[in-house]
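Q: Here's a structure for you.
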Amino acid sequence: MLLLVLGTAAGGGIPQWNCACPGCSGARADPRRRRRHASLAVRTDDGRWYIVNATPDIGDQIDGRPELHPGPGPRRTPVAGLVLTDAELDHTLGIARLREADSLEVIAAAPVRAALLDRLHLGDVLTPYTSMTWRELPRHGAEPLTPGASGLQIGGIPVSGKRPRYAADAPDDEAWVVALRLYDPASGATALYAPALATWPDRLQQAAAEADCVIVDGTFWDDEEPRRTGISERTATGMGHLPIEGPDGTADRLAGLAARCLYTHLNNTNPLVDPAAPQHKQLARLGIEVAYDGMVIEL
């Protein structure tokens with residue numbers, strides 16, 4: 001299994017266009033600290049790629065990885081389709097950026113598909129440009145990532161009923177936000193990708209315990225960070241993100257796993273966006289890493 005980390009930032013990216021916080025100012029001063037919106041690419045057995053979450057940066061993210069470049073034909077692309085973990089704008093705005101494709105496959109949970117088609121009218125907007133095919137992400141078990149193939153398998157684990165603001169009155173559903181479980185029958189390797197976590201259900205704990213690599217939500221360092229930095233009147237958990245540190249934090253959960261564990265989806269207020277922050281050493285003592293843009297993970 002081969003994974004490409006295309007981005008590791010939360011909504012707005014780092015730097016965020018309208019923000020002068022230390023994290024954003026530091027990234028403007030030092031381009032090496034810049035982070036694109038959180039996304040992942042996974043290679044199928046036939047050498048093609050699915051991109052997890054279509055961020056506003058998707059064009060640059062594809063162009064920044066030679067593995068995703070088109071060719072040898074003028075319009076032949078190795079990008080096979082998209083997988084969505086939720087319906088948030090930060091993870092779906094990039095779909096329209098792919099309208100030049102001859103066809104576009106999107107794998108998503110049922111409420112996510114309904115929000116994009118019924119609330120954002122994405123199908124109406126893109127139908128004049130490209131043919132879209134939707135496939136439902138299984139909530140239980142797994143299915144081949146490439147239809148009809150026997151290789152890499154994918155499944156979803158519902159982790160939150162948090163709806164995007166534009167669908168605040170939509171029906172309740174536990175699968176508004178999912179964690180992705182990727183399994184390679186050939187090698188037996190399993191990866192878990194959860195860029196947004198409002199809860200840590202038992203099914204997620206079991207999947208994490210069985211995984212070889214776990215990449216999870218690192219939006220905020222602690223629960224009070226959004227209020228302390230003045231970006232929100234809500235706590236991290238109130239915004240739908242489990243913090244890293246604290247009694248309900250994820251660091252202690254990850255430290256007990258045998259898997260390689262990494263954080264992604266960092267907010268610009270998170271001290272981890274500064275490579276010199278002492279919090280990096282704190283995580284390193286627990287055996288936990290912070291993912292970076294361009295990282296390659298082979299399992």
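To be explicit about the labels: the chains of the structure tokens are called A, B, and onward in the order shown, and within each one the residues are counted from 1, while ligands get numbers from 1 in the order they are shown.
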Report the residues of region 84-199 of chain A whose backbone DSSP state falls under alpha helix (DSSP H), written as a list in words.

A: Ala110, Pro111, Val112, Arg113, Ala114, Leu122, Gly123, Asp124, Val125 and Leu126 of chain A

Q: Select, from A:Ile107, A:Ile62, A:Val112, A:Ala80, the residue with the minimum atom-to-atom distance to Gly94 (chain A), counting only C-alpha atoms.

A: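 So, comparing all the options, the nearest one is A:Ile62.
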
Q: Near Tyr292 (chain A), within 8 Å and counting only C-alpha atoms, which residues show up once chain neighbours fewer than 2 positions away are dropped, as a ChimeraX atom specification?

A: /A:5,7-8,35,264,290,294-295

Q: Neighbours of Asp172 (chain A) within 9 Å (only C-alpha atoms; same-chain residues fewer than 6 positions away dropped), as a list in words?

A: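 Counting only the stated atoms, we get Pro111, Gly161, Lys162 and Arg163 of chain A.
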
Q: I need the chosen residues saved as a PDB file, in the first residue's frame, with N, CA, C and O atoms.

A:
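Output contents, as saved in selection.pdb:
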```
ATOM      1  N   PRO A 111     -25.251  10.428   3.362  1.00  0.00           N
ATOM      2  CA  PRO A 111     -25.610  11.821   3.690  1.00  0.00           C
ATOM      3  C   PRO A 111     -24.695  12.845   3.036  1.00  0.00           C
ATOM      4  O   PRO A 111     -25.131  13.957   2.707  1.00  0.00           O
ATOM      5  N   GLY A 161     -21.908  12.768  13.729  1.00  0.00           N
ATOM      6  CA  GLY A 161     -23.085  13.224  13.004  1.00  0.00           C
ATOM      7  C   GLY A 161     -23.020  14.708  12.710  1.00  0.00           C
ATOM      8  O   GLY A 161     -24.044  15.331  12.396  1.00  0.00           O
ATOM      9  N   LYS A 162     -21.816  15.309  12.778  1.00  0.00           N
ATOM     10  CA  LYS A 162     -21.655  16.756  12.567  1.00  0.00           C
ATOM     11  C   LYS A 162     -21.885  17.110  11.100  1.00  0.00           C
ATOM     12  O   LYS A 162     -21.149  16.688  10.220  1.00  0.00           O
ATOM     13  N   ARG A 163     -22.886  17.911  10.860  1.00  0.00           N
ATOM     14  CA  ARG A 163     -23.218  18.343   9.504  1.00  0.00           C
ATOM     15  C   ARG A 163     -22.528  19.664   9.170  1.00  0.00           C
ATOM     16  O   ARG A 163     -22.296  20.484  10.065  1.00  0.00           O
TER      17      ARG A 163
END
```

Q: Which residue gives the smallest distance to Ala9 (chain A) among A:Leu40, A:Ala170, A:Ala149, A:Ala142, with only C-alpha atoms counted?

A: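 Ranking A:Leu40, A:Ala170, A:Ala149, A:Ala142 by distance to Ala9 (chain A), first place goes to A:Leu40.
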
Q: What's around Leu204 (chain A) at 10 Å? Count only C-alpha atoms, leave out sequence neighbours fewer than 6 positions away in its own chain, and write the answer as an MDAnalysis selection string.

A: chainID A and resid 156:159 178:181 192 194 210

Q: Each residue of region 160-212 of chain A with at least one atom at most 12 Å from region 220-232 of chain A should appear once, together with its nearest atom pair and the corresponding distance in Å (one decimal); atoms considered: only C-alpha atoms; ordering: chain, then increasing residue number; output as CSV.

A:
```
residue,atom,partner,partner_atom,distance
A:Pro195,CA,A:Phe220,CA,11.8
A:Ala196,CA,A:Phe220,CA,10.9
A:Leu197,CA,A:Phe220,CA,11.1
A:Ala198,CA,A:Asp223,CA,11.8
```

Q: Let me see the file: selected residues, all heavy atoms, as a CSV table (one decimal), in the first residue's frame.

A:
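After the write, selection14.csv holds the following:
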```
chain,number,residue,atom,x,y,z
A,195,PRO,N,-9.3,12.6,9.3
A,195,PRO,CA,-8.9,14.0,9.5
A,195,PRO,C,-9.8,14.8,10.3
A,195,PRO,O,-9.5,15.9,10.7
A,195,PRO,CB,-8.8,14.5,8.0
A,195,PRO,CG,-9.8,13.6,7.3
A,195,PRO,CD,-9.7,12.3,8.0
A,196,ALA,N,-11.0,14.3,10.6
A,196,ALA,CA,-11.9,15.0,11.5
A,196,ALA,C,-12.5,14.0,12.5
A,196,ALA,O,-13.1,13.0,12.1
A,196,ALA,CB,-13.0,15.7,10.7
A,197,LEU,N,-12.4,14.3,13.8
A,197,LEU,CA,-12.8,13.4,14.8
A,197,LEU,C,-13.6,14.2,15.9
A,197,LEU,O,-12.9,14.9,16.6
A,197,LEU,CB,-11.7,12.6,15.5
A,197,LEU,CG,-11.1,11.4,14.7
A,197,LEU,CD1,-9.9,10.8,15.5
A,197,LEU,CD2,-12.2,10.3,14.6
A,198,ALA,N,-14.9,14.0,16.0
A,198,ALA,CA,-15.6,14.6,17.1
A,198,ALA,C,-15.8,13.6,18.3
A,198,ALA,O,-16.0,14.0,19.4
A,198,ALA,CB,-17.0,15.0,16.7
```

Q: Give me, as a ChimeraX atom specification, all polymer residues having an atom no more than 9 Å from Asp90 (chain A), counting only C-alpha atoms and skipping those fewer than 5 positions away in the same chain.

A: /A:10-12,37-38,53-56

Q: For the selection you just gave me, I'd like the residues written to a file as a tab-separated table (two decimals), in the first residue's frame, keeping all heavy atoms.

A:
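Just written: out39.tsv:
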```tsv
chain	number	residue	atom	x	y	z
A	10	ALA	N	-5.81	22.28	8.38
A	10	ALA	CA	-7.25	22.38	8.55
A	10	ALA	C	-7.79	23.49	7.64
A	10	ALA	O	-7.07	24.04	6.81
A	10	ALA	CB	-7.58	22.67	10.02
A	11	GLY	N	-9.08	23.81	7.81
A	11	GLY	CA	-9.73	24.77	6.93
A	11	GLY	C	-9.02	26.10	6.84
A	11	GLY	O	-8.64	26.68	7.85
A	12	GLY	N	-8.84	26.57	5.62
A	12	GLY	CA	-8.15	27.84	5.38
A	12	GLY	C	-6.71	27.66	4.99
A	12	GLY	O	-6.09	28.55	4.42
A	37	HIS	N	-4.41	22.18	2.42
A	37	HIS	CA	-5.52	21.51	3.08
A	37	HIS	C	-5.31	19.99	3.13
A	37	HIS	O	-4.78	19.39	2.18
A	37	HIS	CB	-6.83	21.80	2.35
A	37	HIS	CG	-7.31	23.20	2.52
A	37	HIS	ND1	-6.85	24.25	1.75
A	37	HIS	CD2	-8.22	23.73	3.38
A	37	HIS	CE1	-7.46	25.36	2.12
A	37	HIS	NE2	-8.29	25.09	3.11
A	38	ALA	N	-5.75	19.38	4.22
A	38	ALA	CA	-5.50	17.96	4.46
A	38	ALA	C	-6.10	17.08	3.37
A	38	ALA	O	-7.29	17.17	3.05
A	38	ALA	CB	-6.07	17.57	5.83
A	53	ASN	N	-10.53	13.32	-0.25
A	53	ASN	CA	-11.00	14.70	-0.03
A	53	ASN	C	-10.48	15.64	-1.12
A	53	ASN	O	-9.28	15.70	-1.40
A	53	ASN	CB	-10.66	15.21	1.35
A	53	ASN	CG	-11.47	14.49	2.42
A	53	ASN	OD1	-12.57	14.02	2.15
A	53	ASN	ND2	-10.93	14.39	3.62
A	54	ALA	N	-11.44	16.34	-1.72
A	54	ALA	CA	-11.14	17.27	-2.82
A	54	ALA	C	-11.07	18.67	-2.25
A	54	ALA	O	-12.07	19.37	-2.12
A	54	ALA	CB	-12.22	17.17	-3.90
A	55	THR	N	-9.88	19.10	-1.89
A	55	THR	CA	-9.70	20.38	-1.22
A	55	THR	C	-9.60	21.52	-2.23
A	55	THR	O	-9.41	21.30	-3.43
A	55	THR	CB	-8.43	20.37	-0.36
A	55	THR	OG1	-7.28	20.59	-1.19
A	55	THR	CG2	-8.28	19.05	0.40
A	56	PRO	N	-9.67	22.77	-1.75
A	56	PRO	CA	-9.46	23.90	-2.65
A	56	PRO	C	-8.08	23.90	-3.29
A	56	PRO	O	-7.86	24.59	-4.30
A	56	PRO	CB	-9.64	25.12	-1.73
A	56	PRO	CG	-10.47	24.62	-0.60
A	56	PRO	CD	-10.07	23.20	-0.40
```

Q: Given the choices A:Gly26, A:Leu145, A:Arg165, A:Ile288, which gets closest to Cys213 (chain A) if the distance is worked out from only C-alpha atoms?

A: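 Of the candidates, the smallest distance to Cys213 (chain A) is held by A:Ile288.
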
Q: Between CA of Ile154 (chain A) and CA of Glu136 (chain A), what is the spacing in Å?

A: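 Computing it gives 11.0 Å between the two atoms.
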
Q: So which residues touch Leu122 (chain A) within 12 Å, counting only C-alpha atoms, skipping near sequence neighbours fewer than 2 positions away, as a list in words?

A: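 Listed by chain and then number, they are Ala87, Leu89, Thr92, Leu93, Gly94, Ile95, Ala96, Arg97, Arg99, Val106, Val112, Arg113, Ala114, Ala115, Leu116, Leu117, Asp118, Arg119, Leu120, Asp124, Val125, Leu126, Thr127, Pro128, Tyr129, Thr130, Ser131, Met132 and Trp134 of chain A.
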
Q: Could you pull out all residues of region 19-142 of chain A with a DSSP call of strand (DSSP E) and give them as a list of chain:residue names?

A: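 The residues of region 19-142 of chain A classed as strand (DSSP E) are A:Ser39, A:Leu40, A:Ala41, A:Val42, A:Arg43, A:Trp49, A:Tyr50, A:Ile51, A:Val52, A:Val79, A:Ala80, A:Gly81, A:Leu82, A:Val83, A:Ser103, A:Leu104, A:Glu105, A:Val106, A:Ile107, A:Ala108, A:Ser131, A:Met132, A:Thr133, A:Trp134, A:Arg135, A:Glu136.
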
Q: Convert the current residue selection to file output with C-alpha atoms, as a PDB file, in the first residue's frame.

A:
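Done, and the output landed in out.pdb:
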```
ATOM      1  CA  SER A  39      -5.673  15.318   1.758  1.00  0.00           C
ATOM      2  CA  LEU A  40      -4.281  11.913   0.924  1.00  0.00           C
ATOM      3  CA  ALA A  41      -3.739   9.902  -2.265  1.00  0.00           C
ATOM      4  CA  VAL A  42      -3.787   6.104  -2.268  1.00  0.00           C
ATOM      5  CA  ARG A  43      -2.481   3.917  -5.095  1.00  0.00           C
ATOM      6  CA  TRP A  49      -4.773   6.793  -7.613  1.00  0.00           C
ATOM      7  CA  TYR A  50      -7.778   7.831  -5.557  1.00  0.00           C
ATOM      8  CA  ILE A  51      -7.588  11.201  -3.825  1.00  0.00           C
ATOM      9  CA  VAL A  52      -9.111  11.406  -0.364  1.00  0.00           C
ATOM     10  CA  VAL A  79      -6.357   9.909 -10.990  1.00  0.00           C
ATOM     11  CA  ALA A  80      -9.165   7.345 -10.828  1.00  0.00           C
ATOM     12  CA  GLY A  81     -11.537   9.221  -8.542  1.00  0.00           C
ATOM     13  CA  LEU A  82     -12.252  10.775  -5.168  1.00  0.00           C
ATOM     14  CA  VAL A  83     -13.092   9.485  -1.704  1.00  0.00           C
ATOM     15  CA  SER A 103     -15.694  11.250 -16.108  1.00  0.00           C
ATOM     16  CA  LEU A 104     -15.378  11.512 -12.351  1.00  0.00           C
ATOM     17  CA  GLU A 105     -16.076   8.853  -9.735  1.00  0.00           C
ATOM     18  CA  VAL A 106     -16.851   9.941  -6.186  1.00  0.00           C
ATOM     19  CA  ILE A 107     -17.049   7.542  -3.236  1.00  0.00           C
ATOM     20  CA  ALA A 108     -18.932   8.967  -0.261  1.00  0.00           C
ATOM     21  CA  SER A 131     -20.002  12.687 -16.220  1.00  0.00           C
ATOM     22  CA  MET A 132     -20.154  11.968 -12.487  1.00  0.00           C
ATOM     23  CA  THR A 133     -20.509   8.499 -10.991  1.00  0.00           C
ATOM     24  CA  TRP A 134     -21.313   8.086  -7.311  1.00  0.00           C
ATOM     25  CA  ARG A 135     -20.487   5.028  -5.213  1.00  0.00           C
ATOM     26  CA  GLU A 136     -21.578   4.636  -1.614  1.00  0.00           C
TER      27      GLU A 136
END
```

Q: Calculate how many Å separate CA of Leu152 (chain A) from CA of Thr219 (chain A), rounding to one decimal.

A: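 Pair CA of Leu152 (chain A) / CA of Thr219 (chain A) returns 28.4 Å.
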